[in-house]
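J.: Structure file protein-v4.cif (mmCIF, N, CA and C atoms) is given on the next line.
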```cif
data_protein
#
loop_
_atom_site.label_atom_id
_atom_site.label_comp_id
_atom_site.auth_asym_id
_atom_site.auth_seq_id
_atom_site.Cartn_x
_atom_site.Cartn_y
_atom_site.Cartn_z
N MET P 804 0.85 -1.17 0.00
CA MET P 804 0.00 0.00 0.00
C MET P 804 0.90 1.24 0.00
N SER P 805 0.55 2.20 -0.83
CA SER P 805 1.34 3.42 -0.90
C SER P 805 0.78 4.47 0.04
N GLY P 806 1.47 5.57 0.14
CA GLY P 806 1.05 6.65 1.01
C GLY P 806 2.09 6.90 2.07
N TYR P 807 1.91 7.99 2.77
CA TYR P 807 2.84 8.41 3.80
C TYR P 807 2.31 8.03 5.17
N THR P 808 3.20 7.66 6.06
CA THR P 808 2.81 7.35 7.43
C THR P 808 2.58 8.65 8.20
N THR P 809 2.02 8.52 9.37
CA THR P 809 1.77 9.69 10.21
C THR P 809 3.08 10.41 10.51
N ARG P 810 4.11 9.68 10.86
CA ARG P 810 5.41 10.27 11.18
C ARG P 810 6.00 10.97 9.95
N GLU P 811 5.92 10.33 8.79
CA GLU P 811 6.47 10.94 7.57
C GLU P 811 5.75 12.25 7.24
N VAL P 812 4.43 12.23 7.33
CA VAL P 812 3.64 13.44 7.04
C VAL P 812 3.98 14.53 8.03
N ALA P 813 4.05 14.18 9.29
CA ALA P 813 4.37 15.17 10.32
C ALA P 813 5.73 15.81 10.05
N ASP P 814 6.72 15.00 9.71
CA ASP P 814 8.05 15.52 9.43
C ASP P 814 8.08 16.37 8.17
N LEU P 815 7.38 15.94 7.12
CA LEU P 815 7.38 16.68 5.86
C LEU P 815 6.64 18.01 5.96
N VAL P 816 5.54 18.02 6.69
CA VAL P 816 4.71 19.22 6.79
C VAL P 816 5.18 20.14 7.90
N GLY P 817 5.77 19.58 8.94
CA GLY P 817 6.23 20.40 10.05
C GLY P 817 5.26 20.48 11.20
N LEU P 818 4.40 19.51 11.33
CA LEU P 818 3.48 19.40 12.46
C LEU P 818 3.95 18.25 13.34
N THR P 819 3.37 18.14 14.51
CA THR P 819 3.66 16.96 15.33
C THR P 819 2.73 15.83 14.90
N ALA P 820 3.12 14.61 15.22
CA ALA P 820 2.27 13.46 14.90
C ALA P 820 0.93 13.58 15.63
N ASP P 821 0.96 14.12 16.85
CA ASP P 821 -0.28 14.31 17.61
C ASP P 821 -1.22 15.29 16.92
N GLN P 822 -0.67 16.36 16.35
CA GLN P 822 -1.50 17.32 15.62
C GLN P 822 -2.13 16.65 14.40
N VAL P 823 -1.36 15.84 13.69
CA VAL P 823 -1.89 15.14 12.51
C VAL P 823 -3.03 14.22 12.92
N ARG P 824 -2.82 13.45 13.98
CA ARG P 824 -3.86 12.53 14.45
C ARG P 824 -5.10 13.29 14.93
N LEU P 825 -4.91 14.46 15.55
CA LEU P 825 -6.05 15.27 15.98
C LEU P 825 -6.91 15.68 14.78
N PHE P 826 -6.27 16.12 13.69
CA PHE P 826 -7.04 16.50 12.51
C PHE P 826 -7.80 15.30 11.93
N VAL P 827 -7.24 14.10 12.06
CA VAL P 827 -7.95 12.89 11.60
C VAL P 827 -9.13 12.61 12.52
N ARG P 828 -8.91 12.64 13.83
CA ARG P 828 -9.99 12.37 14.79
C ARG P 828 -11.14 13.36 14.65
N GLN P 829 -10.84 14.59 14.32
CA GLN P 829 -11.87 15.62 14.19
C GLN P 829 -12.60 15.56 12.85
N GLY P 830 -12.17 14.66 11.96
CA GLY P 830 -12.88 14.47 10.70
C GLY P 830 -12.42 15.33 9.55
N LEU P 831 -11.33 16.04 9.72
CA LEU P 831 -10.82 16.87 8.64
C LEU P 831 -10.19 16.01 7.55
N LEU P 832 -9.54 14.95 7.96
CA LEU P 832 -8.89 14.01 7.02
C LEU P 832 -9.46 12.62 7.22
N THR P 833 -9.51 11.88 6.14
CA THR P 833 -9.92 10.47 6.22
C THR P 833 -8.89 9.64 5.45
N PRO P 834 -7.72 9.46 6.04
CA PRO P 834 -6.67 8.71 5.34
C PRO P 834 -7.02 7.23 5.24
N ALA P 835 -6.40 6.58 4.26
CA ALA P 835 -6.53 5.13 4.13
C ALA P 835 -5.78 4.48 5.29
N ARG P 836 -6.01 3.20 5.46
CA ARG P 836 -5.28 2.44 6.49
C ARG P 836 -4.64 1.22 5.85
N ASN P 837 -3.46 0.91 6.31
CA ASN P 837 -2.79 -0.29 5.82
C ASN P 837 -3.34 -1.51 6.55
N PRO P 838 -2.93 -2.72 6.19
CA PRO P 838 -3.46 -3.92 6.85
C PRO P 838 -3.26 -3.94 8.37
N ARG P 839 -2.27 -3.22 8.86
CA ARG P 839 -2.02 -3.18 10.31
C ARG P 839 -2.82 -2.07 10.98
N GLY P 840 -3.63 -1.32 10.20
CA GLY P 840 -4.48 -0.28 10.77
C GLY P 840 -3.81 1.07 10.87
N GLN P 841 -2.58 1.20 10.38
CA GLN P 841 -1.88 2.47 10.44
C GLN P 841 -2.36 3.39 9.32
N TYR P 842 -2.40 4.68 9.61
CA TYR P 842 -2.83 5.66 8.62
C TYR P 842 -1.85 5.73 7.45
N ARG P 843 -2.44 5.96 6.26
CA ARG P 843 -1.66 6.22 5.05
C ARG P 843 -2.24 7.46 4.40
N PHE P 844 -1.45 8.52 4.35
CA PHE P 844 -1.87 9.81 3.84
C PHE P 844 -1.44 9.97 2.40
N ASP P 845 -2.30 10.63 1.61
CA ASP P 845 -1.96 10.88 0.22
C ASP P 845 -1.54 12.35 0.05
N PHE P 846 -1.25 12.72 -1.18
CA PHE P 846 -0.77 14.08 -1.46
C PHE P 846 -1.80 15.13 -1.07
N GLN P 847 -3.09 14.89 -1.35
CA GLN P 847 -4.14 15.85 -0.99
C GLN P 847 -4.20 16.08 0.52
N ASP P 848 -3.99 15.01 1.28
CA ASP P 848 -3.94 15.15 2.74
C ASP P 848 -2.79 16.05 3.15
N MET P 849 -1.65 15.89 2.48
CA MET P 849 -0.49 16.71 2.81
C MET P 849 -0.74 18.18 2.47
N VAL P 850 -1.43 18.45 1.36
CA VAL P 850 -1.75 19.83 1.00
C VAL P 850 -2.63 20.45 2.08
N LEU P 851 -3.61 19.71 2.52
CA LEU P 851 -4.53 20.20 3.55
C LEU P 851 -3.79 20.44 4.88
N LEU P 852 -2.92 19.53 5.25
CA LEU P 852 -2.15 19.70 6.48
C LEU P 852 -1.20 20.90 6.37
N ARG P 853 -0.67 21.12 5.20
CA ARG P 853 0.20 22.29 4.98
C ARG P 853 -0.61 23.59 5.16
N THR P 854 -1.85 23.58 4.67
CA THR P 854 -2.73 24.74 4.87
C THR P 854 -3.00 24.95 6.35
N ALA P 855 -3.29 23.88 7.07
CA ALA P 855 -3.52 23.98 8.51
C ALA P 855 -2.28 24.52 9.22
N LYS P 856 -1.12 24.06 8.82
CA LYS P 856 0.12 24.55 9.43
C LYS P 856 0.29 26.04 9.15
N GLY P 857 -0.03 26.49 7.94
CA GLY P 857 0.06 27.91 7.62
C GLY P 857 -0.84 28.75 8.51
N LEU P 858 -2.04 28.25 8.79
CA LEU P 858 -2.95 28.97 9.68
C LEU P 858 -2.37 29.02 11.10
N LEU P 859 -1.84 27.90 11.55
CA LEU P 859 -1.26 27.86 12.89
C LEU P 859 -0.06 28.81 13.00
N GLU P 860 0.75 28.86 11.96
CA GLU P 860 1.90 29.78 11.95
C GLU P 860 1.47 31.24 11.94
N SER P 861 0.26 31.50 11.43
CA SER P 861 -0.27 32.86 11.42
C SER P 861 -0.97 33.21 12.73
N ARG P 862 -0.77 32.37 13.72
CA ARG P 862 -1.31 32.57 15.07
C ARG P 862 -2.83 32.37 15.16
N VAL P 863 -3.37 31.56 14.25
CA VAL P 863 -4.76 31.14 14.37
C VAL P 863 -4.74 29.92 15.30
N SER P 864 -5.62 29.88 16.28
CA SER P 864 -5.62 28.74 17.22
C SER P 864 -5.97 27.46 16.47
N SER P 865 -5.52 26.33 17.01
CA SER P 865 -5.79 25.06 16.34
C SER P 865 -7.29 24.78 16.29
N ARG P 866 -8.02 25.17 17.33
CA ARG P 866 -9.47 24.98 17.35
C ARG P 866 -10.13 25.80 16.24
N ARG P 867 -9.72 27.04 16.12
CA ARG P 867 -10.31 27.93 15.10
C ARG P 867 -9.91 27.49 13.68
N ALA P 868 -8.66 27.08 13.52
CA ALA P 868 -8.20 26.59 12.21
C ALA P 868 -9.01 25.37 11.80
N LEU P 869 -9.20 24.44 12.73
CA LEU P 869 -9.98 23.24 12.45
C LEU P 869 -11.41 23.60 12.10
N ARG P 870 -12.02 24.48 12.89
CA ARG P 870 -13.40 24.89 12.63
C ARG P 870 -13.53 25.53 11.25
N ALA P 871 -12.60 26.39 10.89
CA ALA P 871 -12.64 27.05 9.58
C ALA P 871 -12.47 26.05 8.45
N LEU P 872 -11.52 25.14 8.59
CA LEU P 872 -11.27 24.15 7.53
C LEU P 872 -12.46 23.20 7.37
N LEU P 873 -13.06 22.79 8.48
CA LEU P 873 -14.24 21.92 8.39
C LEU P 873 -15.40 22.65 7.73
N ARG P 874 -15.58 23.92 8.05
CA ARG P 874 -16.66 24.71 7.45
C ARG P 874 -16.47 24.84 5.94
N VAL P 875 -15.26 25.16 5.52
CA VAL P 875 -14.98 25.29 4.09
C VAL P 875 -15.17 23.95 3.40
N GLN P 876 -14.72 22.90 4.03
CA GLN P 876 -14.87 21.56 3.46
C GLN P 876 -16.33 21.21 3.25
N SER P 877 -17.18 21.55 4.20
CA SER P 877 -18.61 21.23 4.07
C SER P 877 -19.30 22.15 3.06
N ASP P 878 -18.80 23.37 2.89
CA ASP P 878 -19.41 24.32 1.95
C ASP P 878 -19.05 24.06 0.50
N LEU P 879 -17.92 23.42 0.28
CA LEU P 879 -17.49 23.17 -1.11
C LEU P 879 -18.31 22.05 -1.73
N CYS P 880 -18.45 22.12 -3.03
CA CYS P 880 -19.14 21.06 -3.76
C CYS P 880 -18.39 19.75 -3.57
N HIS P 881 -19.09 18.66 -3.75
CA HIS P 881 -18.47 17.34 -3.57
C HIS P 881 -17.34 17.09 -4.56
N ASP P 882 -17.41 17.71 -5.75
CA ASP P 882 -16.36 17.49 -6.74
C ASP P 882 -15.14 18.36 -6.50
N LYS P 883 -15.22 19.29 -5.55
CA LYS P 883 -14.09 20.13 -5.21
C LYS P 883 -13.62 19.79 -3.81
N GLY P 884 -12.32 19.82 -3.63
CA GLY P 884 -11.77 19.59 -2.32
C GLY P 884 -11.12 20.86 -1.79
N LEU P 885 -10.64 20.79 -0.56
CA LEU P 885 -10.00 21.94 0.04
C LEU P 885 -8.74 22.35 -0.71
N ALA P 886 -8.13 21.41 -1.42
CA ALA P 886 -6.93 21.74 -2.17
C ALA P 886 -7.24 22.61 -3.39
N SER P 887 -8.51 22.75 -3.75
CA SER P 887 -8.88 23.55 -4.92
C SER P 887 -9.05 25.03 -4.60
N VAL P 888 -8.93 25.40 -3.32
CA VAL P 888 -9.06 26.79 -2.91
C VAL P 888 -7.82 27.19 -2.12
N ARG P 889 -7.63 28.47 -1.97
CA ARG P 889 -6.52 28.97 -1.15
C ARG P 889 -7.10 29.47 0.16
N ILE P 890 -6.60 28.96 1.27
CA ILE P 890 -7.09 29.33 2.60
C ILE P 890 -5.92 29.96 3.35
N PHE P 891 -6.15 31.15 3.90
CA PHE P 891 -5.07 31.87 4.56
C PHE P 891 -5.62 32.78 5.64
N ALA P 892 -4.74 33.18 6.54
CA ALA P 892 -5.12 34.10 7.61
C ALA P 892 -4.80 35.52 7.17
N ASP P 893 -5.73 36.42 7.48
CA ASP P 893 -5.54 37.84 7.24
C ASP P 893 -5.93 38.55 8.54
N GLY P 894 -4.93 38.82 9.36
CA GLY P 894 -5.23 39.35 10.68
C GLY P 894 -5.95 38.31 11.51
N ASP P 895 -7.12 38.66 12.02
CA ASP P 895 -7.91 37.72 12.82
C ASP P 895 -8.84 36.85 11.98
N ASN P 896 -8.89 37.08 10.69
CA ASN P 896 -9.83 36.36 9.82
C ASN P 896 -9.14 35.23 9.07
N VAL P 897 -9.87 34.13 8.89
CA VAL P 897 -9.43 33.06 8.01
C VAL P 897 -10.21 33.25 6.72
N LEU P 898 -9.49 33.52 5.63
CA LEU P 898 -10.13 33.82 4.36
C LEU P 898 -9.91 32.70 3.36
N VAL P 899 -10.86 32.62 2.42
CA VAL P 899 -10.81 31.61 1.36
C VAL P 899 -10.88 32.33 0.02
N ARG P 900 -9.97 31.98 -0.87
CA ARG P 900 -10.00 32.52 -2.22
C ARG P 900 -10.27 31.36 -3.18
N GLU P 901 -11.34 31.52 -3.95
CA GLU P 901 -11.70 30.54 -4.97
C GLU P 901 -11.94 31.32 -6.25
N ASP P 902 -11.05 31.14 -7.21
CA ASP P 902 -11.10 31.89 -8.46
C ASP P 902 -11.11 33.39 -8.15
N ASP P 903 -12.18 34.11 -8.47
CA ASP P 903 -12.23 35.54 -8.23
C ASP P 903 -13.08 35.90 -7.00
N ARG P 904 -13.40 34.92 -6.20
CA ARG P 904 -14.24 35.13 -5.02
C ARG P 904 -13.40 35.03 -3.74
N LEU P 905 -13.71 35.90 -2.77
CA LEU P 905 -13.00 35.91 -1.50
C LEU P 905 -14.03 35.97 -0.38
N TRP P 906 -13.93 35.07 0.60
CA TRP P 906 -14.89 35.08 1.70
C TRP P 906 -14.25 34.59 2.99
N GLU P 907 -14.92 34.93 4.11
CA GLU P 907 -14.46 34.50 5.42
C GLU P 907 -14.89 33.05 5.65
N ALA P 908 -13.94 32.23 6.06
CA ALA P 908 -14.19 30.79 6.17
C ALA P 908 -15.25 30.44 7.20
N GLU P 909 -15.23 31.07 8.34
CA GLU P 909 -16.13 30.68 9.43
C GLU P 909 -17.55 31.19 9.25
N THR P 910 -17.72 32.34 8.62
CA THR P 910 -19.05 32.93 8.51
C THR P 910 -19.62 32.88 7.10
N GLY P 911 -18.77 32.72 6.10
CA GLY P 911 -19.24 32.77 4.71
C GLY P 911 -19.38 34.18 4.18
N GLN P 912 -19.07 35.17 5.02
CA GLN P 912 -19.18 36.58 4.64
C GLN P 912 -18.21 36.90 3.49
N SER P 913 -18.74 37.50 2.43
CA SER P 913 -17.89 37.90 1.30
C SER P 913 -16.99 39.05 1.71
N HIS P 914 -15.82 39.09 1.11
CA HIS P 914 -14.87 40.17 1.32
C HIS P 914 -14.50 40.76 -0.02
N PHE P 915 -14.22 42.03 -0.03
CA PHE P 915 -13.73 42.68 -1.23
C PHE P 915 -12.21 42.59 -1.23
N ASP P 916 -11.67 42.31 -2.38
CA ASP P 916 -10.23 42.23 -2.51
C ASP P 916 -9.74 43.52 -3.15
N PHE P 917 -9.15 44.37 -2.34
CA PHE P 917 -8.66 45.65 -2.84
C PHE P 917 -7.19 45.59 -3.23
N ASP P 918 -6.62 44.41 -3.21
CA ASP P 918 -5.24 44.26 -3.60
C ASP P 918 -5.10 44.58 -5.08
N CYS P 919 -4.22 45.48 -5.40
CA CYS P 919 -4.06 45.91 -6.78
C CYS P 919 -2.57 45.97 -7.10
N SER P 920 -2.06 44.89 -7.64
CA SER P 920 -0.64 44.87 -7.97
C SER P 920 -0.36 45.60 -9.28
N ALA P 921 -1.35 45.66 -10.16
CA ALA P 921 -1.20 46.39 -11.42
C ALA P 921 -2.56 46.97 -11.80
N PRO P 922 -2.58 48.15 -12.41
CA PRO P 922 -3.87 48.73 -12.80
C PRO P 922 -4.53 47.91 -13.90
N ALA P 923 -5.86 47.94 -13.91
CA ALA P 923 -6.63 47.17 -14.89
C ALA P 923 -6.44 47.71 -16.31
N ARG P 924 -6.18 49.00 -16.42
CA ARG P 924 -5.95 49.61 -17.74
C ARG P 924 -4.89 50.70 -17.58
N PRO P 925 -4.33 51.17 -18.66
CA PRO P 925 -3.29 52.19 -18.55
C PRO P 925 -3.80 53.42 -17.79
N VAL P 926 -2.92 53.99 -17.00
CA VAL P 926 -3.24 55.15 -16.19
C VAL P 926 -2.67 56.40 -16.87
N ALA P 927 -3.52 57.44 -16.97
CA ALA P 927 -3.05 58.69 -17.59
C ALA P 927 -2.07 59.38 -16.68
N ARG P 928 -1.06 59.91 -17.25
CA ARG P 928 -0.04 60.62 -16.49
C ARG P 928 -0.50 62.06 -16.25
N ILE P 929 -0.36 62.53 -15.04
CA ILE P 929 -0.74 63.91 -14.69
C ILE P 929 0.53 64.75 -14.59
N TYR P 930 0.55 65.84 -15.31
CA TYR P 930 1.71 66.72 -15.30
C TYR P 930 1.41 67.97 -14.50
N ASP P 931 2.43 68.55 -13.89
CA ASP P 931 2.28 69.80 -13.13
C ASP P 931 2.16 70.97 -14.06
#
```
Would it be possible to restate this file's structure as structure tokens?

T.:
Amino acid sequence: MSGYTTREVADLVGLTADQVRLFVRQGLLTPARNPRGQYRFDFQDMVLLRTAKGLLESRVSSRRALRALLRVQSDLCHDKGLASVRIFADGDNVLVREDDRLWEAETGQSHFDFDCSAPARPVARIYD
């Protein structure tokens, strides 16, 4: 059977094995099991755990990170997984970006994205 063990995933992602098992117990992940009953994680599981680690590094509590990830997981269509969206912390908010849409993970409240790295069209130059 292929897949990563709990210890391998924890080491690769940078979480503790206990944190990984907590996310499984809370229903965020449903890894396969080998014949001995040990968890086997796939690449999608690792992406999700990496997202959780990013939230934790942004000082989002593990309880709040889990709640936000579970909410987003339940809100997404069955054909889409959490790996299909970008989930990140912005101050005290956990935000989700899906294509051109931005919303708060826990409440579903839409957010406006005022980030403007380049103007949408050429800007006229103003002279003195």

J.: Near range 897-909 of chain P, within 8 Å and counting all atoms listed in the file, which residues show up once chain neighbours fewer than 4 positions away are dropped, as a list in words?

T.: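 Non-adjacent residues within range: Leu858, Arg867, Ala868, Arg870, Ala871, Leu872, Leu873, Arg874, Val875, Ser887, Val888, Arg889, Ile890, Phe891, Ala892, Asp893, Ser913, His914, Phe915 and Asp916 of chain P.
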
J.: Could you tell me how far atom N of Val850 in chain P sits from atom N of Asp814 in chain P, in Å to one decimal place?

T.: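 Result for atom N of Asp814 in chain P versus atom N of Val850 in chain P: 12.2 Å, one decimal.
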
J.: Specify as a VMD selection string each residue included when the PyMOL selection byres ((chain P and resi 844) around 6.5) is applied to this file.

T.: chain P and resid 805 to 809 834 to 835 842 to 843 845 to 849

J.: Please report, as AutoDock Vina command-line options, the centre and edge lengths in Å to one decimal of an axis-aligned box covering all listed atoms of range 852-859 of chain P with 5 Å per side.

T.:
```
--center_x -1.6 --center_y 24.3 --center_z 8.8 --size_x 13.8 --size_y 19.5 --size_z 18.3
```

J.: Got a sec to tell me which of range 807-919 of chain P DSSP assigns to alpha helix (DSSP H), as a ChimeraX atom specification?

T.: /P:809-816,820-828,846-860,865-878

J.: Go ahead and save the picked residues with N, CA and C atoms, as a tab-separated table (two decimals), in the coordinates of the input.

T.:
```tsv
chain	number	residue	atom	x	y	z
P	809	THR	N	2.02	8.52	9.37
P	809	THR	CA	1.77	9.69	10.21
P	809	THR	C	3.08	10.41	10.51
P	810	ARG	N	4.11	9.68	10.86
P	810	ARG	CA	5.41	10.27	11.18
P	810	ARG	C	6.00	10.97	9.95
P	811	GLU	N	5.92	10.33	8.79
P	811	GLU	CA	6.47	10.94	7.57
P	811	GLU	C	5.75	12.25	7.24
P	812	VAL	N	4.43	12.23	7.33
P	812	VAL	CA	3.64	13.44	7.04
P	812	VAL	C	3.98	14.53	8.03
P	813	ALA	N	4.05	14.18	9.29
P	813	ALA	CA	4.37	15.17	10.32
P	813	ALA	C	5.73	15.81	10.05
P	814	ASP	N	6.72	15.00	9.71
P	814	ASP	CA	8.05	15.52	9.43
P	814	ASP	C	8.08	16.37	8.17
P	815	LEU	N	7.38	15.94	7.12
P	815	LEU	CA	7.38	16.68	5.86
P	815	LEU	C	6.64	18.01	5.96
P	816	VAL	N	5.54	18.02	6.69
P	816	VAL	CA	4.71	19.22	6.79
P	816	VAL	C	5.18	20.14	7.90
P	820	ALA	N	3.12	14.61	15.22
P	820	ALA	CA	2.27	13.46	14.90
P	820	ALA	C	0.93	13.58	15.63
P	821	ASP	N	0.96	14.12	16.85
P	821	ASP	CA	-0.28	14.31	17.61
P	821	ASP	C	-1.22	15.29	16.92
P	822	GLN	N	-0.67	16.36	16.35
P	822	GLN	CA	-1.50	17.32	15.62
P	822	GLN	C	-2.13	16.65	14.40
P	823	VAL	N	-1.36	15.84	13.69
P	823	VAL	CA	-1.89	15.14	12.51
P	823	VAL	C	-3.03	14.22	12.92
P	824	ARG	N	-2.82	13.45	13.98
P	824	ARG	CA	-3.86	12.53	14.45
P	824	ARG	C	-5.10	13.29	14.93
P	825	LEU	N	-4.91	14.46	15.55
P	825	LEU	CA	-6.05	15.27	15.98
P	825	LEU	C	-6.91	15.68	14.78
P	826	PHE	N	-6.27	16.12	13.69
P	826	PHE	CA	-7.04	16.50	12.51
P	826	PHE	C	-7.80	15.30	11.93
P	827	VAL	N	-7.24	14.10	12.06
P	827	VAL	CA	-7.95	12.89	11.60
P	827	VAL	C	-9.13	12.61	12.52
P	828	ARG	N	-8.91	12.64	13.83
P	828	ARG	CA	-9.99	12.37	14.79
P	828	ARG	C	-11.14	13.36	14.65
P	846	PHE	N	-1.25	12.72	-1.18
P	846	PHE	CA	-0.77	14.08	-1.46
P	846	PHE	C	-1.80	15.13	-1.07
P	847	GLN	N	-3.09	14.89	-1.35
P	847	GLN	CA	-4.14	15.85	-0.99
P	847	GLN	C	-4.20	16.08	0.52
P	848	ASP	N	-3.99	15.01	1.28
P	848	ASP	CA	-3.94	15.15	2.74
P	848	ASP	C	-2.79	16.05	3.15
P	849	MET	N	-1.65	15.89	2.48
P	849	MET	CA	-0.49	16.71	2.81
P	849	MET	C	-0.74	18.18	2.47
P	850	VAL	N	-1.43	18.45	1.36
P	850	VAL	CA	-1.75	19.83	1.00
P	850	VAL	C	-2.63	20.45	2.08
P	851	LEU	N	-3.61	19.71	2.52
P	851	LEU	CA	-4.53	20.20	3.55
P	851	LEU	C	-3.79	20.44	4.88
P	852	LEU	N	-2.92	19.53	5.25
P	852	LEU	CA	-2.15	19.70	6.48
P	852	LEU	C	-1.20	20.90	6.37
P	853	ARG	N	-0.67	21.12	5.20
P	853	ARG	CA	0.20	22.29	4.98
P	853	ARG	C	-0.61	23.59	5.16
P	854	THR	N	-1.85	23.58	4.67
P	854	THR	CA	-2.73	24.74	4.87
P	854	THR	C	-3.00	24.95	6.35
P	855	ALA	N	-3.29	23.88	7.07
P	855	ALA	CA	-3.52	23.98	8.51
P	855	ALA	C	-2.28	24.52	9.22
P	856	LYS	N	-1.12	24.06	8.82
P	856	LYS	CA	0.12	24.55	9.43
P	856	LYS	C	0.29	26.04	9.15
P	857	GLY	N	-0.03	26.49	7.94
P	857	GLY	CA	0.06	27.91	7.62
P	857	GLY	C	-0.84	28.75	8.51
P	858	LEU	N	-2.04	28.25	8.79
P	858	LEU	CA	-2.95	28.97	9.68
P	858	LEU	C	-2.37	29.02	11.10
P	859	LEU	N	-1.84	27.90	11.55
P	859	LEU	CA	-1.26	27.86	12.89
P	859	LEU	C	-0.06	28.81	13.00
P	860	GLU	N	0.75	28.86	11.96
P	860	GLU	CA	1.90	29.78	11.95
P	860	GLU	C	1.47	31.24	11.94
P	865	SER	N	-5.52	26.33	17.01
P	865	SER	CA	-5.79	25.06	16.34
P	865	SER	C	-7.29	24.78	16.29
P	866	ARG	N	-8.02	25.17	17.33
P	866	ARG	CA	-9.47	24.98	17.35
P	866	ARG	C	-10.13	25.80	16.24
P	867	ARG	N	-9.72	27.04	16.12
P	867	ARG	CA	-10.31	27.93	15.10
P	867	ARG	C	-9.91	27.49	13.68
P	868	ALA	N	-8.66	27.08	13.52
P	868	ALA	CA	-8.20	26.59	12.21
P	868	ALA	C	-9.01	25.37	11.80
P	869	LEU	N	-9.20	24.44	12.73
P	869	LEU	CA	-9.98	23.24	12.45
P	869	LEU	C	-11.41	23.60	12.10
P	870	ARG	N	-12.02	24.48	12.89
P	870	ARG	CA	-13.40	24.89	12.63
P	870	ARG	C	-13.53	25.53	11.25
P	871	ALA	N	-12.60	26.39	10.89
P	871	ALA	CA	-12.64	27.05	9.58
P	871	ALA	C	-12.47	26.05	8.45
P	872	LEU	N	-11.52	25.14	8.59
P	872	LEU	CA	-11.27	24.15	7.53
P	872	LEU	C	-12.46	23.20	7.37
P	873	LEU	N	-13.06	22.79	8.48
P	873	LEU	CA	-14.24	21.92	8.39
P	873	LEU	C	-15.40	22.65	7.73
P	874	ARG	N	-15.58	23.92	8.05
P	874	ARG	CA	-16.66	24.71	7.45
P	874	ARG	C	-16.47	24.84	5.94
P	875	VAL	N	-15.26	25.16	5.52
P	875	VAL	CA	-14.98	25.29	4.09
P	875	VAL	C	-15.17	23.95	3.40
P	876	GLN	N	-14.72	22.90	4.03
P	876	GLN	CA	-14.87	21.56	3.46
P	876	GLN	C	-16.33	21.21	3.25
P	877	SER	N	-17.18	21.55	4.20
P	877	SER	CA	-18.61	21.23	4.07
P	877	SER	C	-19.30	22.15	3.06
P	878	ASP	N	-18.80	23.37	2.89
P	878	ASP	CA	-19.41	24.32	1.95
P	878	ASP	C	-19.05	24.06	0.50
```
